[in-house]
file data_12.pdb (PDB, C-alpha atoms and all ligand atoms)
ATOM      1  CA  MET A   1      24.094 -60.170  19.113
ATOM      2  CA  VAL A   2      22.809 -58.367  16.065
ATOM      3  CA  SER A   3      19.120 -58.604  15.317
ATOM      4  CA  ALA A   4      17.259 -57.375  12.255
ATOM      5  CA  ARG A   5      13.632 -56.557  11.734
ATOM      6  CA  SER A   6      12.334 -55.013   8.551
ATOM      7  CA  GLY A   7       9.230 -52.915   8.422
ATOM      8  CA  GLY A   8       7.483 -51.572   5.354
ATOM      9  CA  SER A   9       8.815 -50.514   2.007
ATOM     10  CA  ASP A  10      11.524 -48.050   1.158
ATOM     11  CA  GLY A  11      10.157 -47.694  -2.352
ATOM     12  CA  PRO A  12       8.522 -44.582  -3.696
ATOM     13  CA  ASP A  13       5.075 -46.120  -3.321
ATOM     14  CA  GLY A  14       5.660 -47.457   0.144
ATOM     15  CA  PRO A  15       4.141 -45.745   3.145
ATOM     16  CA  ALA A  16       6.117 -42.768   4.351
ATOM     17  CA  ALA A  17       8.352 -43.112   7.359
ATOM     18  CA  CYS A  18       8.470 -46.899   7.643
ATOM     19  CA  PRO A  19      10.866 -47.912  10.399
ATOM     20  CA  ARG A  20      13.455 -50.567   9.639
ATOM     21  CA  ARG A  21      15.166 -51.507  12.824
ATOM     22  CA  VAL A  22      18.532 -53.090  12.500
ATOM     23  CA  GLY A  23      20.960 -53.979  15.164
ATOM     24  CA  LEU A  24      21.519 -54.104  18.878
ATOM     25  CA  ALA A  25      25.083 -54.473  20.104
ATOM     26  CA  ILE A  26      26.369 -51.060  21.003
ATOM     27  CA  MET A  27      28.931 -52.360  23.447
ATOM     28  CA  ALA A  28      31.005 -53.804  20.620
ATOM     29  CA  LEU A  29      31.721 -50.280  19.480
ATOM     30  CA  SER A  30      33.158 -49.147  22.788
ATOM     31  CA  ALA A  31      35.243 -52.315  22.863
ATOM     32  CA  SER A  32      36.715 -51.314  19.492
ATOM     33  CA  GLY A  33      37.989 -48.118  21.070
ATOM     34  CA  GLU A  34      36.573 -46.165  18.123
ATOM     35  CA  GLY A  35      34.338 -43.942  20.202
ATOM     36  CA  THR A  36      34.476 -42.199  23.526
ATOM     37  CA  MET A  37      30.749 -42.863  23.958
ATOM     38  CA  ARG A  38      29.740 -39.247  24.214
ATOM     39  CA  LEU A  39      26.153 -40.039  23.223
ATOM     40  CA  THR A  40      25.433 -43.045  25.405
ATOM     41  CA  GLY A  41      21.701 -43.274  26.127
ATOM     42  CA  ARG A  42      20.854 -40.604  23.562
ATOM     43  CA  VAL A  43      18.506 -40.949  20.606
ATOM     44  CA  ALA A  44      19.523 -39.020  17.482
ATOM     45  CA  LEU A  45      17.462 -38.392  14.349
ATOM     46  CA  ILE A  46      19.589 -37.411  11.337
ATOM     47  CA  THR A  47      18.312 -36.420   7.896
ATOM     48  CA  GLY A  48      20.185 -36.939   4.631
ATOM     49  CA  THR A  49      21.752 -40.173   5.852
ATOM     50  CA  ALA A  50      21.912 -42.016   2.518
ATOM     51  CA  SER A  51      25.304 -40.444   1.778
ATOM     52  CA  GLY A  52      27.883 -37.802   2.658
ATOM     53  CA  ILE A  53      27.792 -35.990   5.987
ATOM     54  CA  GLY A  54      24.544 -37.644   7.096
ATOM     55  CA  ARG A  55      25.850 -41.176   6.626
ATOM     56  CA  ALA A  56      29.148 -40.303   8.310
ATOM     57  CA  ALA A  57      27.232 -38.759  11.226
ATOM     58  CA  ALA A  58      24.977 -41.814  11.586
ATOM     59  CA  LEU A  59      28.064 -44.022  11.873
ATOM     60  CA  ARG A  60      29.902 -41.662  14.216
ATOM     61  CA  PHE A  61      26.924 -40.964  16.502
ATOM     62  CA  ALA A  62      26.242 -44.709  16.785
ATOM     63  CA  ALA A  63      29.922 -45.306  17.558
ATOM     64  CA  GLU A  64      29.490 -42.831  20.401
ATOM     65  CA  GLY A  65      26.588 -44.789  21.856
ATOM     66  CA  ALA A  66      23.563 -43.095  20.248
ATOM     67  CA  ARG A  67      20.590 -45.002  18.912
ATOM     68  CA  VAL A  68      20.155 -43.500  15.459
ATOM     69  CA  VAL A  69      17.097 -42.756  13.331
ATOM     70  CA  ALA A  70      18.413 -42.373   9.778
ATOM     71  CA  VAL A  71      16.077 -40.385   7.522
ATOM     72  CA  ASP A  72      16.344 -39.963   3.753
ATOM     73  CA  VAL A  73      14.318 -40.312   0.540
ATOM     74  CA  ALA A  74      16.989 -42.376  -1.195
ATOM     75  CA  GLU A  75      17.030 -46.178  -1.304
ATOM     76  CA  ALA A  76      20.659 -46.218  -0.172
ATOM     77  CA  ASN A  77      19.533 -45.109   3.266
ATOM     78  CA  ALA A  78      18.849 -48.729   4.213
ATOM     79  CA  GLU A  79      22.567 -49.393   3.658
ATOM     80  CA  THR A  80      23.446 -46.731   6.211
ATOM     81  CA  ALA A  81      21.400 -48.505   8.874
ATOM     82  CA  GLU A  82      22.992 -51.806   7.870
ATOM     83  CA  MET A  83      26.466 -50.272   8.167
ATOM     84  CA  VAL A  84      25.626 -49.106  11.692
ATOM     85  CA  THR A  85      24.453 -52.619  12.531
ATOM     86  CA  GLU A  86      27.534 -54.259  11.059
ATOM     87  CA  ARG A  87      29.648 -52.089  13.352
ATOM     88  CA  GLY A  88      27.598 -53.156  16.364
ATOM     89  CA  GLY A  89      25.301 -50.149  16.681
ATOM     90  CA  GLU A  90      21.559 -49.688  16.607
ATOM     91  CA  ALA A  91      19.697 -47.813  13.877
ATOM     92  CA  VAL A  92      16.274 -47.395  12.350
ATOM     93  CA  ALA A  93      16.058 -46.344   8.694
ATOM     94  CA  VAL A  94      13.049 -44.211   7.857
ATOM     95  CA  ARG A  95      12.019 -43.113   4.397
ATOM     96  CA  ALA A  96      10.813 -39.516   4.483
ATOM     97  CA  ASP A  97      10.902 -36.511   2.192
ATOM     98  CA  VAL A  98      11.803 -33.532   4.386
ATOM     99  CA  THR A  99       9.720 -31.198   2.199
ATOM    100  CA  VAL A 100       6.534 -32.998   3.280
ATOM    101  CA  GLU A 101       5.628 -32.166   6.867
ATOM    102  CA  ALA A 102       3.518 -35.277   7.409
ATOM    103  CA  GLU A 103       6.490 -37.467   6.481
ATOM    104  CA  VAL A 104       8.823 -35.572   8.815
ATOM    105  CA  ALA A 105       6.253 -35.840  11.616
ATOM    106  CA  ALA A 106       6.025 -39.584  11.012
ATOM    107  CA  ALA A 107       9.824 -39.884  11.154
ATOM    108  CA  PHE A 108       9.922 -38.217  14.571
ATOM    109  CA  GLU A 109       7.042 -40.424  15.718
ATOM    110  CA  ALA A 110       9.009 -43.448  14.524
ATOM    111  CA  ALA A 111      11.994 -42.291  16.595
ATOM    112  CA  GLU A 112       9.981 -42.066  19.789
ATOM    113  CA  ALA A 113       8.160 -45.323  19.009
ATOM    114  CA  ALA A 114      11.417 -47.194  18.435
ATOM    115  CA  PHE A 115      13.558 -45.695  21.175
ATOM    116  CA  GLY A 116      11.194 -43.901  23.579
ATOM    117  CA  ARG A 117      12.609 -40.373  23.332
ATOM    118  CA  LEU A 118      14.512 -37.878  21.192
ATOM    119  CA  ASP A 119      17.653 -36.041  22.304
ATOM    120  CA  VAL A 120      19.377 -34.925  19.094
ATOM    121  CA  ALA A 121      18.036 -33.780  15.711
ATOM    122  CA  PHE A 122      20.551 -33.180  12.932
ATOM    123  CA  ASN A 123      18.655 -31.479  10.089
ATOM    124  CA  ASN A 124      21.228 -32.093   7.413
ATOM    125  CA  ALA A 125      19.440 -33.112   4.186
ATOM    126  CA  GLY A 126      20.086 -30.592   1.443
ATOM    127  CA  VAL A 127      20.300 -30.166  -2.315
ATOM    128  CA  MET A 128      22.311 -28.074  -4.738
ATOM    129  CA  LEU A 129      20.471 -28.238  -8.029
ATOM    130  CA  GLU A 130      21.545 -28.034 -11.629
ATOM    131  CA  GLY A 131      20.455 -24.755 -13.174
ATOM    132  CA  ASP A 132      21.114 -22.816  -9.967
ATOM    133  CA  GLY A 133      23.136 -19.821 -11.132
ATOM    134  CA  ASP A 134      22.815 -16.067 -10.861
ATOM    135  CA  ALA A 135      19.615 -14.123 -10.216
ATOM    136  CA  ALA A 136      19.048 -13.480 -13.915
ATOM    137  CA  SER A 137      19.299 -17.096 -15.015
ATOM    138  CA  THR A 138      17.897 -19.248 -12.213
ATOM    139  CA  ALA A 139      14.480 -20.714 -12.961
ATOM    140  CA  GLU A 140      11.626 -20.383 -10.485
ATOM    141  CA  SER A 141      11.352 -24.165 -10.266
ATOM    142  CA  VAL A 142      14.987 -24.403  -9.124
ATOM    143  CA  ILE A 143      14.430 -21.690  -6.511
ATOM    144  CA  ASP A 144      11.248 -23.364  -5.237
ATOM    145  CA  ARG A 145      12.771 -26.826  -4.952
ATOM    146  CA  THR A 146      15.970 -25.566  -3.309
ATOM    147  CA  LEU A 147      14.056 -23.574  -0.710
ATOM    148  CA  ALA A 148      11.635 -26.458  -0.148
ATOM    149  CA  VAL A 149      14.396 -28.922   0.755
ATOM    150  CA  ASN A 150      16.987 -26.663   2.346
ATOM    151  CA  VAL A 151      14.739 -24.265   4.277
ATOM    152  CA  LYS A 152      11.285 -25.797   4.656
ATOM    153  CA  GLY A 153      12.838 -29.211   5.269
ATOM    154  CA  VAL A 154      15.003 -27.826   8.083
ATOM    155  CA  LEU A 155      12.041 -25.938   9.587
ATOM    156  CA  HIS A 156       9.918 -29.088   9.554
ATOM    157  CA  GLY A 157      12.725 -30.878  11.358
ATOM    158  CA  CYS A 158      13.032 -28.096  13.947
ATOM    159  CA  LYS A 159       9.278 -28.002  14.507
ATOM    160  CA  HIS A 160       8.985 -31.688  15.325
ATOM    161  CA  ALA A 161      12.305 -31.797  17.172
ATOM    162  CA  VAL A 162      11.187 -29.010  19.528
ATOM    163  CA  ALA A 163       7.954 -30.880  20.311
ATOM    164  CA  ALA A 164       9.799 -34.157  20.971
ATOM    165  CA  MET A 165      12.554 -32.447  22.985
ATOM    166  CA  ARG A 166       9.972 -30.737  25.196
ATOM    167  CA  ARG A 167       8.707 -34.233  26.019
ATOM    168  CA  ALA A 168      12.303 -35.361  26.682
ATOM    169  CA  GLY A 169      13.158 -32.320  28.822
ATOM    170  CA  GLY A 170      15.686 -30.797  26.397
ATOM    171  CA  GLY A 171      17.973 -31.644  23.534
ATOM    172  CA  SER A 172      20.305 -30.450  20.799
ATOM    173  CA  ILE A 173      19.256 -29.417  17.294
ATOM    174  CA  ILE A 174      21.908 -29.014  14.600
ATOM    175  CA  ASN A 175      21.064 -27.473  11.234
ATOM    176  CA  THR A 176      23.428 -27.812   8.296
ATOM    177  CA  ALA A 177      24.084 -24.448   6.638
ATOM    178  CA  SER A 178      27.157 -23.741   4.484
ATOM    179  CA  PHE A 179      30.138 -21.421   4.159
ATOM    180  CA  VAL A 180      28.248 -19.757   1.289
ATOM    181  CA  ALA A 181      25.912 -18.243   3.885
ATOM    182  CA  SER A 182      28.891 -16.153   5.049
ATOM    183  CA  VAL A 183      30.912 -15.319   1.915
ATOM    184  CA  GLY A 184      29.933 -14.438  -1.633
ATOM    185  CA  ALA A 185      31.050 -16.396  -4.677
ATOM    186  CA  ALA A 186      31.581 -15.400  -8.292
ATOM    187  CA  THR A 187      30.536 -18.955  -9.152
ATOM    188  CA  PRO A 188      26.969 -18.330  -7.965
ATOM    189  CA  GLN A 189      24.265 -20.720  -6.920
ATOM    190  CA  ILE A 190      21.912 -18.048  -5.748
ATOM    191  CA  ALA A 191      19.014 -20.225  -4.603
ATOM    192  CA  TYR A 192      21.352 -22.470  -2.623
ATOM    193  CA  THR A 193      23.131 -19.476  -1.068
ATOM    194  CA  ALA A 194      19.814 -17.859  -0.104
ATOM    195  CA  SER A 195      18.618 -21.109   1.423
ATOM    196  CA  LYS A 196      21.699 -21.460   3.608
ATOM    197  CA  GLY A 197      21.410 -17.853   4.798
ATOM    198  CA  ALA A 198      17.877 -18.683   5.886
ATOM    199  CA  VAL A 199      19.167 -21.703   7.819
ATOM    200  CA  LEU A 200      21.514 -19.445   9.785
ATOM    201  CA  SER A 201      18.789 -16.945  10.690
ATOM    202  CA  LEU A 202      16.146 -19.485  11.636
ATOM    203  CA  THR A 203      18.717 -21.314  13.756
ATOM    204  CA  ARG A 204      19.605 -18.144  15.635
ATOM    205  CA  GLU A 205      15.987 -17.294  16.369
ATOM    206  CA  LEU A 206      15.040 -20.795  17.493
ATOM    207  CA  ALA A 207      18.107 -20.879  19.746
ATOM    208  CA  VAL A 208      16.949 -17.736  21.543
ATOM    209  CA  LEU A 209      13.329 -18.881  21.721
ATOM    210  CA  HIS A 210      14.035 -22.276  23.266
ATOM    211  CA  ALA A 211      17.169 -21.618  25.329
ATOM    212  CA  ARG A 212      15.354 -21.753  28.664
ATOM    213  CA  GLU A 213      13.706 -25.047  27.782
ATOM    214  CA  GLY A 214      17.082 -26.774  27.611
ATOM    215  CA  ILE A 215      16.871 -27.024  23.833
ATOM    216  CA  ARG A 216      20.049 -25.880  22.092
ATOM    217  CA  VAL A 217      19.995 -24.972  18.398
ATOM    218  CA  ASN A 218      23.216 -24.495  16.438
ATOM    219  CA  ALA A 219      24.224 -24.338  12.800
ATOM    220  CA  LEU A 220      27.048 -26.290  11.220
ATOM    221  CA  SER A 221      28.628 -24.630   8.190
ATOM    222  CA  PRO A 222      30.771 -26.988   6.133
ATOM    223  CA  GLY A 223      33.354 -25.697   3.701
ATOM    224  CA  PRO A 224      33.683 -27.386   0.302
ATOM    225  CA  LEU A 225      33.698 -31.155   0.818
ATOM    226  CA  ARG A 226      34.789 -34.170  -1.159
ATOM    227  CA  THR A 227      31.221 -35.558  -1.159
ATOM    228  CA  GLU A 228      28.883 -36.448  -3.999
ATOM    229  CA  LEU A 229      26.999 -33.138  -3.720
ATOM    230  CA  LEU A 230      29.978 -30.970  -4.696
ATOM    231  CA  MET A 231      32.138 -33.389  -6.695
ATOM    232  CA  ARG A 232      29.275 -33.905  -9.149
ATOM    233  CA  LEU A 233      29.636 -30.217  -9.939
ATOM    234  CA  LEU A 234      33.429 -29.879  -9.739
ATOM    235  CA  ASN A 235      34.076 -32.607 -12.270
ATOM    236  CA  THR A 236      37.366 -31.361 -13.757
ATOM    237  CA  ASP A 237      40.822 -30.668 -12.278
ATOM    238  CA  GLU A 238      40.528 -27.058 -13.373
ATOM    239  CA  LYS A 239      37.208 -26.540 -11.561
ATOM    240  CA  ARG A 240      38.579 -28.149  -8.410
ATOM    241  CA  ARG A 241      41.778 -26.070  -8.558
ATOM    242  CA  ARG A 242      39.751 -22.867  -8.983
ATOM    243  CA  ARG A 243      37.991 -23.601  -5.682
ATOM    244  CA  LEU A 244      40.973 -24.836  -3.703
ATOM    245  CA  VAL A 245      42.846 -21.590  -4.278
ATOM    246  CA  HIS A 246      40.454 -20.079  -1.696
ATOM    247  CA  VAL A 247      40.942 -22.743   0.980
ATOM    248  CA  PRO A 248      43.933 -22.043   3.250
ATOM    249  CA  MET A 249      44.330 -25.768   3.969
ATOM    250  CA  GLY A 250      44.453 -26.418   0.224
ATOM    251  CA  ARG A 251      42.152 -29.439   0.246
ATOM    252  CA  PHE A 252      38.476 -30.361   0.325
ATOM    253  CA  GLY A 253      36.976 -31.447   3.633
ATOM    254  CA  GLU A 254      35.813 -34.966   4.375
ATOM    255  CA  ALA A 255      32.353 -36.008   5.541
ATOM    256  CA  ASP A 256      33.934 -37.589   8.641
ATOM    257  CA  GLU A 257      35.364 -34.221   9.657
ATOM    258  CA  LEU A 258      31.875 -32.714   9.602
ATOM    259  CA  ALA A 259      30.460 -35.685  11.490
ATOM    260  CA  ALA A 260      33.028 -35.014  14.220
ATOM    261  CA  ALA A 261      31.895 -31.386  14.463
ATOM    262  CA  ALA A 262      28.229 -32.426  14.512
ATOM    263  CA  LEU A 263      29.070 -34.839  17.326
ATOM    264  CA  PHE A 264      30.518 -31.947  19.319
ATOM    265  CA  LEU A 265      27.298 -29.956  18.859
ATOM    266  CA  ALA A 266      25.141 -33.001  19.637
ATOM    267  CA  SER A 267      26.961 -33.888  22.850
ATOM    268  CA  ASP A 268      27.303 -32.168  26.215
ATOM    269  CA  ASP A 269      30.776 -31.016  25.139
ATOM    270  CA  SER A 270      28.975 -27.999  23.645
ATOM    271  CA  SER A 271      26.587 -27.537  26.609
ATOM    272  CA  TYR A 272      27.046 -23.736  26.775
ATOM    273  CA  MET A 273      26.654 -23.211  23.012
ATOM    274  CA  THR A 274      23.433 -22.174  21.346
ATOM    275  CA  GLY A 275      22.678 -19.920  18.396
ATOM    276  CA  ALA A 276      26.210 -20.468  17.098
ATOM    277  CA  ASN A 277      27.428 -21.105  13.582
ATOM    278  CA  LEU A 278      30.252 -23.637  13.716
ATOM    279  CA  GLN A 279      32.345 -23.151  10.585
ATOM    280  CA  VAL A 280      34.299 -26.241   9.585
ATOM    281  CA  ASP A 281      35.822 -25.039   6.361
ATOM    282  CA  GLY A 282      39.609 -25.429   6.238
ATOM    283  CA  GLY A 283      39.927 -21.726   7.084
ATOM    284  CA  LEU A 284      37.997 -20.517   4.028
ATOM    285  CA  THR A 285      35.824 -17.919   5.751
ATOM    286  CA  ALA A 286      38.830 -16.508   7.624
ATOM    287  CA  ALA A 287      40.952 -15.996   4.517
ATOM    288  CA  TYR A 288      41.978 -13.052   2.387
ATOM    289  CA  VAL A 289      45.185 -14.270   0.710
ATOM    290  CA  THR A 290      45.891 -17.978   1.005
ATOM    291  CA  PRO A 291      49.331 -19.646   1.175
ATOM    292  CA  GLU A 292      51.113 -20.494  -2.084
TER     293      GLU A 292
HETATM  294  N1  LIG A 301      29.356 -31.089   0.121
HETATM  295  C1  LIG A 301      29.666 -29.826   0.367
HETATM  296  O1  LIG A 301      30.663 -29.307  -0.139
HETATM  297  C2  LIG A 301      28.800 -29.012   1.300
HETATM  298  C3  LIG A 301      29.231 -27.740   1.671
HETATM  299  C4  LIG A 301      28.447 -26.972   2.511
HETATM  300  C5  LIG A 301      27.236 -27.476   2.962
HETATM  301  N2  LIG A 301      26.829 -28.720   2.596
HETATM  302  C6  LIG A 301      25.541 -29.189   3.108
HETATM  303  O2  LIG A 301      25.725 -30.378   3.839
HETATM  304  C7  LIG A 301      24.521 -31.160   3.801
HETATM  305  C8  LIG A 301      24.859 -32.572   3.397
HETATM  306  O3  LIG A 301      25.516 -32.527   2.169
HETATM  307  P1  LIG A 301      26.405 -33.719   1.602
HETATM  308  O4  LIG A 301      27.629 -33.101   1.065
HETATM  309  O5  LIG A 301      26.507 -34.808   2.585
HETATM  310  O6  LIG A 301      25.475 -34.117   0.357
HETATM  311  P2  LIG A 301      24.929 -35.497  -0.205
HETATM  312  O7  LIG A 301      24.302 -35.186  -1.497
HETATM  313  O8  LIG A 301      25.996 -36.532  -0.127
HETATM  314  O9  LIG A 301      23.802 -35.874   0.868
HETATM  315  C9  LIG A 301      22.564 -35.199   0.944
HETATM  316  C10 LIG A 301      21.482 -36.227   1.319
HETATM  317  O10 LIG A 301      20.225 -35.532   1.440
HETATM  318  C11 LIG A 301      19.216 -36.373   0.912
HETATM  319  N3  LIG A 301      18.050 -35.594   0.510
HETATM  320  C12 LIG A 301      17.975 -34.712  -0.521
HETATM  321  N4  LIG A 301      16.719 -34.245  -0.617
HETATM  322  C13 LIG A 301      15.999 -34.836   0.382
HETATM  323  C14 LIG A 301      14.648 -34.758   0.795
HETATM  324  N5  LIG A 301      13.769 -33.982   0.154
HETATM  325  N6  LIG A 301      14.252 -35.493   1.857
HETATM  326  C15 LIG A 301      15.124 -36.307   2.507
HETATM  327  N7  LIG A 301      16.414 -36.424   2.148
HETATM  328  C16 LIG A 301      16.848 -35.693   1.094
HETATM  329  C17 LIG A 301      19.884 -37.031  -0.290
HETATM  330  O11 LIG A 301      19.197 -38.204  -0.692
HETATM  331  C18 LIG A 301      21.284 -37.301   0.244
HETATM  332  O12 LIG A 301      21.370 -38.585   0.824
HETATM  333  C19 LIG A 301      23.591 -30.427   2.827
HETATM  334  O13 LIG A 301      22.663 -29.648   3.553
HETATM  335  C20 LIG A 301      24.524 -29.551   2.043
HETATM  336  O14 LIG A 301      23.891 -28.407   1.519
HETATM  337  C21 LIG A 301      27.592 -29.502   1.780
END
call {"tool": "encode", "arguments": {"input": "data_12.pdb", "output": "structure tokens"}}
result
Amino acid sequence: MVSARSGGSDGPDGPAACPRRVGLAIMALSASGEGTMRLTGRVALITGTASGIGRAAALRFAAEGARVVAVDVAEANAETAEMVTERGGEAVAVRADVTVEAEVAAAFEAAEAAFGRLDVAFNNAGVMLEGDGDAASTAESVIDRTLAVNVKGVLHGCKHAVAAMRRAGGGSIINTASFVASVGAATPQIAYTASKGAVLSLTRELAVLHAREGIRVNALSPGPLRTELLMRLLNTDEKRRRRLVHVPMGRFGEADELAAAALFLASDDSSYMTGANLQVDGGLTAAYVTPE
């Protein structure tokens, strides 16, 4: 049976972090054979769930038995929770801006209030802003906003995840970085690149700090993906071709492929991994000359 309960407003004036609980029929997913139920009994909070990787991860984690707390600023986030419900899973949609610590704190509180614990935090929300170029041309406002979402937002998530995971006796934190943290590009987005480098270093340090508390912290570095974030920018065949020349597999990645990698890091399949940077990039960061 699928139940629905709405709580609060998702609008810009609504209270931050309003839970909207939708759905309770996880067993239907295992019956579909879609998942191997690697997250049964786990509670996962994911940010940036209104689209792209975050939405794909919400669906995949729920298919694997997780109860999901889907966090985003965008209205479309409610749809993600509804999609989980339609597929027989359980999700709570929470409106929160990851740059505002009080809203992130409220999202984690909502997770524990709804589901009693927190096992997985996937700090995935990120932006790549217009006007982000080279060091000479990028405006301070673009740098500030990029770092606020991509670095401060991830740190807020880590801070409240660590506190909740201490209460739960351990857990897995996954922070979304990017291939641009590892290789330079002559099509620069310097604020974005700097922000993703910071994600890698903060992930490494937190992994070392919390390893003996049973809290694992890993980074996930996607290659160029066929999601809204990048396709908005690569809006011509020529721009897309210019990028694909550098990808050995010769194609953009899909959000589902990143969700599968995030699932690996979230689950016990990666139980001896912490402080790692999992690169899921079609071979991009391994390449010098790509195939014709
Ligand atoms: N798409 C790519 O090619 C690519 C490559 C490498 C890394 N990444 C990273 O992957 C992550 C997800 O990207 P995506 O491709 O799914 O992008 P996307 O734009 O589809 O999704 C990003 C989500 O983050 C949300 N968000 C933005 N600012 C927020 C804020 N302040 N508070 C809460 N939510 C906020 C957006 O509303 C959106 O739903 C990002 O961190 C991005 O930098 C993407």
call {"tool": "residues_near_ligand", "arguments": {"input": "data_12.pdb", "ligand": "ligand LIG 301 (chain A)", "cutoff": "7 Å", "atoms": "all atoms listed in the file", "output": "short mmCIF file (atom, residue, chain, number, x, y, z; two decimals) with C-alpha atoms, keeping the file's coordinate frame"}}
result
data_model
loop_
_atom_site.label_atom_id
_atom_site.label_comp_id
_atom_site.auth_asym_id
_atom_site.auth_seq_id
_atom_site.Cartn_x
_atom_site.Cartn_y
_atom_site.Cartn_z
CA THR A 47 18.31 -36.42 7.90
CA GLY A 48 20.18 -36.94 4.63
CA THR A 49 21.75 -40.17 5.85
CA ALA A 50 21.91 -42.02 2.52
CA SER A 51 25.30 -40.44 1.78
CA GLY A 52 27.88 -37.80 2.66
CA ILE A 53 27.79 -35.99 5.99
CA GLY A 54 24.54 -37.64 7.10
CA VAL A 71 16.08 -40.38 7.52
CA ASP A 72 16.34 -39.96 3.75
CA VAL A 73 14.32 -40.31 0.54
CA ALA A 74 16.99 -42.38 -1.20
CA ALA A 96 10.81 -39.52 4.48
CA ASP A 97 10.90 -36.51 2.19
CA VAL A 98 11.80 -33.53 4.39
CA THR A 99 9.72 -31.20 2.20
CA ASN A 124 21.23 -32.09 7.41
CA ALA A 125 19.44 -33.11 4.19
CA GLY A 126 20.09 -30.59 1.44
CA VAL A 127 20.30 -30.17 -2.32
CA MET A 128 22.31 -28.07 -4.74
CA VAL A 149 14.40 -28.92 0.76
CA ASN A 150 16.99 -26.66 2.35
CA THR A 176 23.43 -27.81 8.30
CA ALA A 177 24.08 -24.45 6.64
CA SER A 178 27.16 -23.74 4.48
CA PHE A 179 30.14 -21.42 4.16
CA SER A 221 28.63 -24.63 8.19
CA PRO A 222 30.77 -26.99 6.13
CA GLY A 223 33.35 -25.70 3.70
CA PRO A 224 33.68 -27.39 0.30
CA LEU A 225 33.70 -31.16 0.82
CA ARG A 226 34.79 -34.17 -1.16
CA THR A 227 31.22 -35.56 -1.16
CA GLU A 228 28.88 -36.45 -4.00
CA LEU A 229 27.00 -33.14 -3.72
CA LEU A 230 29.98 -30.97 -4.70
CA ALA A 255 32.35 -36.01 5.54
#
call {"tool": "residues_near_point", "arguments": {"input": "data_12.pdb", "point": "(13.1, -22.5, -5.4)", "cutoff": "12 Å", "atoms": "only C-alpha atoms", "output": "MDAnalysis selection string"}}
result
chainID A and resid 127:133 135 138:152 189:195
call {"tool": "resolve_selection", "arguments": {"input": "data_12.pdb", "expression": "the PyMOL selection byres (((chain A and resi 171) around 6) and not hetatm)", "output": "PyMOL selection string"}}
result
chain A and resi 119-120+165+170+172+215
call {"tool": "write_last_selection", "arguments": {"input": "data_12.pdb", "atoms": "C-alpha atoms", "output": "PDB file, in the coordinates of the input"}}
result
ATOM      1  CA  ASP A 119      17.653 -36.041  22.304  1.00  0.00           C
ATOM      2  CA  VAL A 120      19.377 -34.925  19.094  1.00  0.00           C
ATOM      3  CA  MET A 165      12.554 -32.447  22.985  1.00  0.00           C
ATOM      4  CA  GLY A 170      15.686 -30.797  26.397  1.00  0.00           C
ATOM      5  CA  SER A 172      20.305 -30.450  20.799  1.00  0.00           C
ATOM      6  CA  ILE A 215      16.871 -27.024  23.833  1.00  0.00           C
TER       7      ILE A 215
END
call {"tool": "resolve_selection", "arguments": {"input": "data_12.pdb", "expression": "the PyMOL selection byres (((chain A and resi 44) around 8) and not hetatm)", "output": "number ranges by chain"}}
result
A: 42-43, 45-46, 61, 66-69, 118-122
call {"tool": "atom_distance", "arguments": {"input": "data_12.pdb", "atom1": "atom CA of Met273 of chain A", "atom2": "atom CA of Ala211 of chain A"}}
result
9.9 Å
call {"tool": "resolve_selection", "arguments": {"input": "data_12.pdb", "expression": "the PyMOL selection byres (((chain A and resi 39) around 6) and not hetatm)", "output": "PyMOL selection string"}}
result
chain A and resi 37-38+40+42+64-66
call {"tool": "closest_residue", "arguments": {"input": "data_12.pdb", "among": "A:Asn218, A:Gly157, A:Asn235, A:Arg242", "to": "Ala262 of chain A", "atoms": "all atoms listed in the file"}}
result
A:Asn218
call {"tool": "closest_residue", "arguments": {"input": "data_12.pdb", "among": "A:Ala186, A:Ala113, A:Ala219, A:Ile174", "to": "Leu200 of chain A", "atoms": "all atoms listed in the file"}}
result
A:Ala219
call {"tool": "closest_residue", "arguments": {"input": "data_12.pdb", "among": "A:Gly116, A:Gly89, A:Gly283, A:Gly184", "to": "Ala164 of chain A", "atoms": "all atoms listed in the file"}}
result
A:Gly116
call {"tool": "closest_residue", "arguments": {"input": "data_12.pdb", "among": "A:Val208, A:Ala261, A:Leu155, A:Ala185", "to": "Thr285 of chain A", "atoms": "all atoms listed in the file"}}
result
A:Ala185
call {"tool": "atom_distance", "arguments": {"input": "data_12.pdb", "atom1": "atom CA of Gly214 of chain A", "atom2": "atom CA of Leu59 of chain A"}}
result
25.8 Å
call {"tool": "residues_near_point", "arguments": {"input": "data_12.pdb", "point": "(18.0, -25.8, 12.6)", "cutoff": "6 Å", "atoms": "all atoms listed in the file", "output": "list in words"}}
result
Val154, Cys158, Ile174, Asn175 and Thr203 of chain A
call {"tool": "atom_distance", "arguments": {"input": "data_12.pdb", "atom1": "atom CA of Val245 of chain A", "atom2": "atom CA of Val180 of chain A"}}
result
15.7 Å
call {"tool": "closest_residue", "arguments": {"input": "data_12.pdb", "among": "A:Ser137, A:Ser267, A:Ser201, A:Thr236", "to": "Pro188 of chain A", "atoms": "only C-alpha atoms"}}
result
A:Ser137
call {"tool": "closest_residue", "arguments": {"input": "data_12.pdb", "among": "A:Lys239, A:Leu206, A:Ala63, A:His160", "to": "Thr187 of chain A", "atoms": "only C-alpha atoms"}}
result
A:Lys239
